[in-house]
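Asks: As input, take data.csv (CSV, C-alpha atoms):
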```csv
chain,number,residue,atom,x,y,z
A,348,MET,CA,30.5,10.1,8.6
A,349,ILE,CA,31.4,10.2,12.2
A,350,THR,CA,32.2,6.9,13.7
A,351,LEU,CA,31.4,6.4,17.4
A,352,VAL,CA,33.0,3.5,19.2
A,353,ILE,CA,31.9,2.4,22.7
A,354,TYR,CA,33.4,-0.5,24.5
A,355,ASP,CA,33.0,-2.5,27.7
A,356,ILE,CA,36.1,-4.4,28.5
A,357,PRO,CA,36.8,-5.6,32.0
A,358,ASP,CA,40.5,-6.4,31.5
A,359,ASP,CA,42.7,-3.4,31.9
A,360,SER,CA,45.4,-4.5,29.4
A,361,LEU,CA,43.0,-5.4,26.7
A,362,ARG,CA,41.0,-2.2,27.2
A,363,GLN,CA,44.2,-0.2,26.9
A,364,ARG,CA,45.2,-2.0,23.7
A,365,VAL,CA,41.7,-1.2,22.2
A,366,ALA,CA,42.1,2.5,23.2
A,367,LYS,CA,45.6,2.6,21.6
A,368,LEU,CA,44.3,1.1,18.3
A,369,LEU,CA,41.4,3.6,18.1
A,370,LYS,CA,43.8,6.4,18.8
A,371,LEU,CA,46.2,5.2,16.1
A,372,LYS,CA,43.3,5.0,13.6
A,373,GLY,CA,42.7,8.7,14.2
A,374,LEU,CA,39.7,8.7,16.6
A,375,LYS,CA,39.6,11.0,19.6
A,376,ARG,CA,38.7,9.9,23.1
A,377,ILE,CA,35.4,11.4,24.2
A,378,GLN,CA,34.9,9.3,27.4
A,379,LYS,CA,36.9,6.7,29.3
A,380,SER,CA,35.5,3.9,27.0
A,381,ALA,CA,34.3,5.9,24.0
A,382,PHE,CA,36.0,7.3,20.9
A,383,ALA,CA,34.7,9.2,18.0
A,384,GLY,CA,35.9,10.8,14.8
A,385,PRO,CA,35.3,11.1,11.0
A,386,LEU,CA,36.2,8.0,9.0
A,387,THR,CA,35.5,6.9,5.5
A,388,SER,CA,33.6,3.6,5.2
A,389,SER,CA,36.8,1.8,4.2
A,390,GLN,CA,38.6,3.3,7.3
A,391,ARG,CA,35.7,2.2,9.4
A,392,SER,CA,35.9,-1.4,8.0
A,393,ASP,CA,39.6,-1.3,8.8
A,394,VAL,CA,38.9,-0.3,12.4
A,395,VAL,CA,36.2,-3.0,12.8
A,396,ALA,CA,38.6,-5.6,11.5
A,397,GLY,CA,41.4,-4.5,13.8
A,398,LEU,CA,39.1,-4.5,16.8
A,399,ALA,CA,37.6,-7.9,15.9
A,400,LYS,CA,41.2,-9.4,15.7
A,401,LEU,CA,42.2,-7.8,19.0
A,402,ILE,CA,39.3,-9.0,21.1
A,403,LYS,CA,38.8,-12.4,19.5
A,404,GLY,CA,37.9,-14.9,22.2
A,405,GLU,CA,38.2,-12.3,25.0
A,406,GLU,CA,35.6,-11.0,27.3
A,407,ALA,CA,34.7,-7.8,25.6
A,408,ASN,CA,31.8,-5.9,23.9
A,409,ILE,CA,32.5,-3.2,21.4
A,410,GLN,CA,29.8,-1.3,19.4
A,411,ILE,CA,30.6,0.8,16.4
A,412,TYR,CA,28.0,3.3,15.2
A,413,PRO,CA,28.1,5.4,12.0
A,414,LEU,CA,26.6,8.8,12.8
A,415,THR,CA,25.4,11.4,10.4
A,416,GLN,CA,27.0,14.8,11.0
A,417,ALA,CA,23.6,16.1,12.0
A,418,SER,CA,23.3,13.4,14.7
A,419,PHE,CA,26.7,14.3,16.0
A,420,ASN,CA,26.0,18.0,16.0
A,421,GLN,CA,22.8,17.4,17.9
A,422,ARG,CA,24.5,15.5,20.7
A,423,VAL,CA,24.1,16.9,24.2
A,424,VAL,CA,27.0,16.7,26.6
A,425,LEU,CA,26.2,17.0,30.3
A,426,GLY,CA,28.6,17.4,33.2
A,427,VAL,CA,32.3,17.9,33.3
A,428,GLU,CA,35.1,16.9,31.0
A,429,LEU,CA,36.9,14.1,32.7
A,430,THR,CA,40.6,13.5,32.0
A,431,TYR,CA,42.0,10.1,31.0
A,432,GLU,CA,45.7,10.9,30.8
A,433,GLU,CA,46.6,8.3,33.3
A,434,GLU,CA,45.2,5.4,31.4
A,435,GLU,CA,46.7,6.8,28.2
A,436,VAL,CA,50.2,7.0,29.7
A,437,LEU,CA,49.9,3.3,30.8
A,438,VAL,CA,49.3,2.2,27.2
B,1309,MET,CA,14.7,8.4,16.6
B,1310,ILE,CA,16.9,6.2,18.6
B,1311,THR,CA,18.5,7.9,21.6
B,1312,LEU,CA,21.9,6.6,22.6
B,1313,VAL,CA,23.2,7.6,26.1
B,1314,ILE,CA,26.8,6.9,27.2
B,1315,TYR,CA,28.1,7.9,30.5
B,1316,ASP,CA,31.3,8.0,32.5
B,1317,ILE,CA,30.7,8.3,36.2
B,1318,PRO,CA,33.3,7.2,38.7
B,1319,ASP,CA,31.0,7.1,41.7
B,1320,ASP,CA,29.1,3.8,42.0
B,1321,SER,CA,26.0,5.2,43.7
B,1322,LEU,CA,25.5,8.1,41.2
B,1323,ARG,CA,26.2,5.7,38.3
B,1324,GLN,CA,23.5,3.4,39.5
B,1325,ARG,CA,21.0,6.2,39.9
B,1326,VAL,CA,21.7,7.3,36.4
B,1327,ALA,CA,21.2,3.8,35.1
B,1328,LYS,CA,17.9,3.5,37.1
B,1329,LEU,CA,16.6,6.8,35.6
B,1330,LEU,CA,17.4,5.7,32.0
B,1331,LYS,CA,15.7,2.3,32.6
B,1332,LEU,CA,12.6,4.1,34.0
B,1333,LYS,CA,12.5,6.3,30.9
B,1334,GLY,CA,12.3,3.2,28.8
B,1335,LEU,CA,15.8,2.8,27.5
B,1336,LYS,CA,17.5,-0.5,27.4
B,1337,ARG,CA,21.0,-1.2,28.7
B,1338,ILE,CA,23.3,-2.1,25.8
B,1339,GLN,CA,26.6,-1.9,27.8
B,1340,LYS,CA,27.7,-1.3,31.3
B,1341,SER,CA,27.6,2.5,30.8
B,1342,ALA,CA,25.4,2.8,27.7
B,1343,PHE,CA,21.6,2.7,27.1
B,1344,ALA,CA,19.6,3.1,23.9
B,1345,GLY,CA,16.1,3.1,22.7
B,1346,PRO,CA,13.5,4.9,20.7
B,1347,LEU,CA,12.3,8.3,22.2
B,1348,THR,CA,10.3,11.2,20.8
B,1349,SER,CA,12.1,14.5,21.0
B,1350,SER,CA,10.0,15.6,24.0
B,1351,GLN,CA,10.9,12.3,25.8
B,1352,ARG,CA,14.6,12.9,24.9
B,1353,SER,CA,14.4,16.5,26.4
B,1354,ASP,CA,12.8,15.0,29.5
B,1355,VAL,CA,15.7,12.5,29.8
B,1356,VAL,CA,18.3,15.2,29.3
B,1357,ALA,CA,16.6,17.4,32.0
B,1358,GLY,CA,16.4,14.5,34.5
B,1359,LEU,CA,20.0,13.6,33.9
B,1360,ALA,CA,21.2,17.2,34.2
B,1361,LYS,CA,19.4,17.5,37.6
B,1362,LEU,CA,20.8,14.2,38.8
B,1363,ILE,CA,24.5,14.9,38.1
B,1364,LYS,CA,24.5,18.6,38.9
B,1365,GLY,CA,27.8,19.5,40.5
B,1366,GLU,CA,29.0,15.9,40.4
B,1367,GLU,CA,32.0,14.4,38.7
B,1368,ALA,CA,30.2,12.9,35.7
B,1369,ASN,CA,30.1,13.1,31.9
B,1370,ILE,CA,27.0,12.0,30.0
B,1371,GLN,CA,26.6,12.2,26.2
B,1372,ILE,CA,23.2,11.9,24.5
B,1373,TYR,CA,23.1,11.2,20.8
B,1374,PRO,CA,20.0,11.1,18.6
B,1375,LEU,CA,20.6,8.4,16.0
B,1376,THR,CA,18.7,7.8,12.8
B,1377,GLN,CA,17.2,4.3,12.4
B,1378,ALA,CA,19.7,3.8,9.6
B,1379,SER,CA,22.6,4.6,11.8
B,1380,PHE,CA,21.3,2.2,14.5
B,1381,ASN,CA,20.8,-0.6,12.0
B,1382,GLN,CA,24.3,-0.1,10.6
B,1383,ARG,CA,25.9,-0.5,14.0
B,1384,VAL,CA,28.4,-3.3,14.3
B,1385,VAL,CA,28.6,-5.2,17.6
B,1386,LEU,CA,31.8,-7.2,18.3
B,1387,GLY,CA,32.5,-9.7,21.1
B,1388,VAL,CA,30.3,-11.2,23.6
B,1389,GLU,CA,27.2,-9.9,25.4
B,1390,LEU,CA,28.2,-9.1,28.9
B,1391,THR,CA,25.7,-9.2,31.7
B,1392,TYR,CA,25.0,-6.4,34.1
B,1393,GLU,CA,22.5,-8.0,36.4
B,1394,GLU,CA,24.6,-7.5,39.5
B,1395,GLU,CA,24.8,-3.7,39.2
B,1396,GLU,CA,21.1,-3.5,38.5
B,1397,VAL,CA,20.2,-5.5,41.6
B,1398,LEU,CA,22.2,-3.0,43.7
B,1399,VAL,CA,20.2,-0.1,42.4
```
How does this structure look as structure tokens?
Replies:
Amino acid sequence: MITLVIYDIPDDSLRQRVAKLLKLKGLKRIQKSAFAGPLTSSQRSDVVAGLAKLIKGEEANIQIYPLTQASFNQRVVLGVELTYEEEEVLV
Amino acid sequence: MITLVIYDIPDDSLRQRVAKLLKLKGLKRIQKSAFAGPLTSSQRSDVVAGLAKLIKGEEANIQIYPLTQASFNQRVVLGVELTYEEEEVLV
């Protein structure tokens, strides 16, 4: 299944650490504050545990959605592809 | 089906107009730049058309995912519930 992770984290440094963890776990950035990619359920549990540890007690909201391949294929993407290199370099 | 909309829009005014449209269409804000709610496929097409018109030619990326109820129920939410009243008032 595809795992979609969206987050809302005001603090720059924490947000960058969350992005770094998601990247390390093999997910791809699809927006500034969203990553997605195929994960097994044990890999997804591992991501959830890592994120929970990272944001414990901090001002952050992270939502993790398991998507069927059909849902993912039916997504509609509007607008332009924005680039996020700058934030990634800062990590 | 539940429709999940996530967006990445640098311009404050455009971002607020997008949020306002999603709210008018009956979706609920679940994060600063994410809304979700149950829509029929014709309602979803209507939302997609409205968003496409709104962001035409602008620097914006919007992704619309149809989720099964099972996917939505299996979501994991970590952290705190942030409030977004301020931005809504500005709309």
Asks: Between atom CA of A:Ser389 and atom CA of B:Ile1372, what distance in Å does the model show, to one decimal?
Replies: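 Calculated distance between atom CA of A:Ser389 and atom CA of B:Ile1372 is 26.4 Å.
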Asks: Any chance you could tabulate, as a Markdown table, the residues of chain B at most 7 Å from chain A with each one's nearest atom pair and distance in Å to one decimal, using all atoms listed in the file, in chain and rising number order?
Replies:
```
| residue | atom | partner | partner_atom | distance |
| --- | --- | --- | --- | --- |
| B:Asp1316 | CA | A:Gln378 | CA | 6.4 |
| B:Gln1339 | CA | A:Asp355 | CA | 6.4 |
| B:Lys1340 | CA | A:Asp355 | CA | 6.5 |
| B:Ala1360 | CA | A:Leu425 | CA | 6.3 |
| B:Ile1363 | CA | A:Gly426 | CA | 6.9 |
| B:Glu1367 | CA | A:Val427 | CA | 6.4 |
| B:Ala1368 | CA | A:Gly426 | CA | 5.4 |
| B:Asn1369 | CA | A:Gly426 | CA | 4.7 |
| B:Ile1370 | CA | A:Leu425 | CA | 5.1 |
| B:Gln1371 | CA | A:Val424 | CA | 4.5 |
| B:Ile1372 | CA | A:Val423 | CA | 5.1 |
| B:Tyr1373 | CA | A:Arg422 | CA | 4.5 |
| B:Pro1374 | CA | A:Ser418 | CA | 5.6 |
| B:Leu1375 | CA | A:Ser418 | CA | 5.8 |
| B:Ser1379 | CA | A:Pro413 | CA | 5.6 |
| B:Phe1380 | CA | A:Tyr412 | CA | 6.8 |
| B:Gln1382 | CA | A:Tyr412 | CA | 6.8 |
| B:Arg1383 | CA | A:Tyr412 | CA | 4.5 |
| B:Val1384 | CA | A:Ile411 | CA | 5.1 |
| B:Val1385 | CA | A:Gln410 | CA | 4.5 |
| B:Leu1386 | CA | A:Ile409 | CA | 5.1 |
| B:Gly1387 | CA | A:Asn408 | CA | 4.8 |
| B:Val1388 | CA | A:Asn408 | CA | 5.5 |
| B:Glu1389 | CA | A:Asn408 | CA | 6.3 |
| B:Leu1390 | CA | A:Asn408 | CA | 6.9 |
```
Asks: Once chain B sits on chain A after a least-squares Cα superposition, all atoms in order, what's the RMSD?
Replies: 0.1 Å
Asks: Just checking: using all atoms listed in the file, which residue out of B:Leu1347, B:Thr1391, B:Met1309, B:Asp1354 ends up closest to B:Gly1334?
Replies: B:Leu1347
Asks: Using only C-alpha atoms, which of B:Ala1344, B:Ile1310, B:Tyr1392, B:Gly1358 sits nearest B:Arg1325?
Replies: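 Counting only C-alpha atoms, the residue closest to B:Arg1325 is B:Gly1358.
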Asks: How many Å separate atom CA of A:Pro385 from atom CA of A:Ala366?
Replies: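 Computed distance, atom CA of A:Pro385 to atom CA of A:Ala366, equals 16.4 Å.
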Asks: Would you work out the distance separating atom CA of A:Leu371 from atom CA of A:Gln390, expressed in Å to one decimal?
Replies: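 The value is 11.8 Å.
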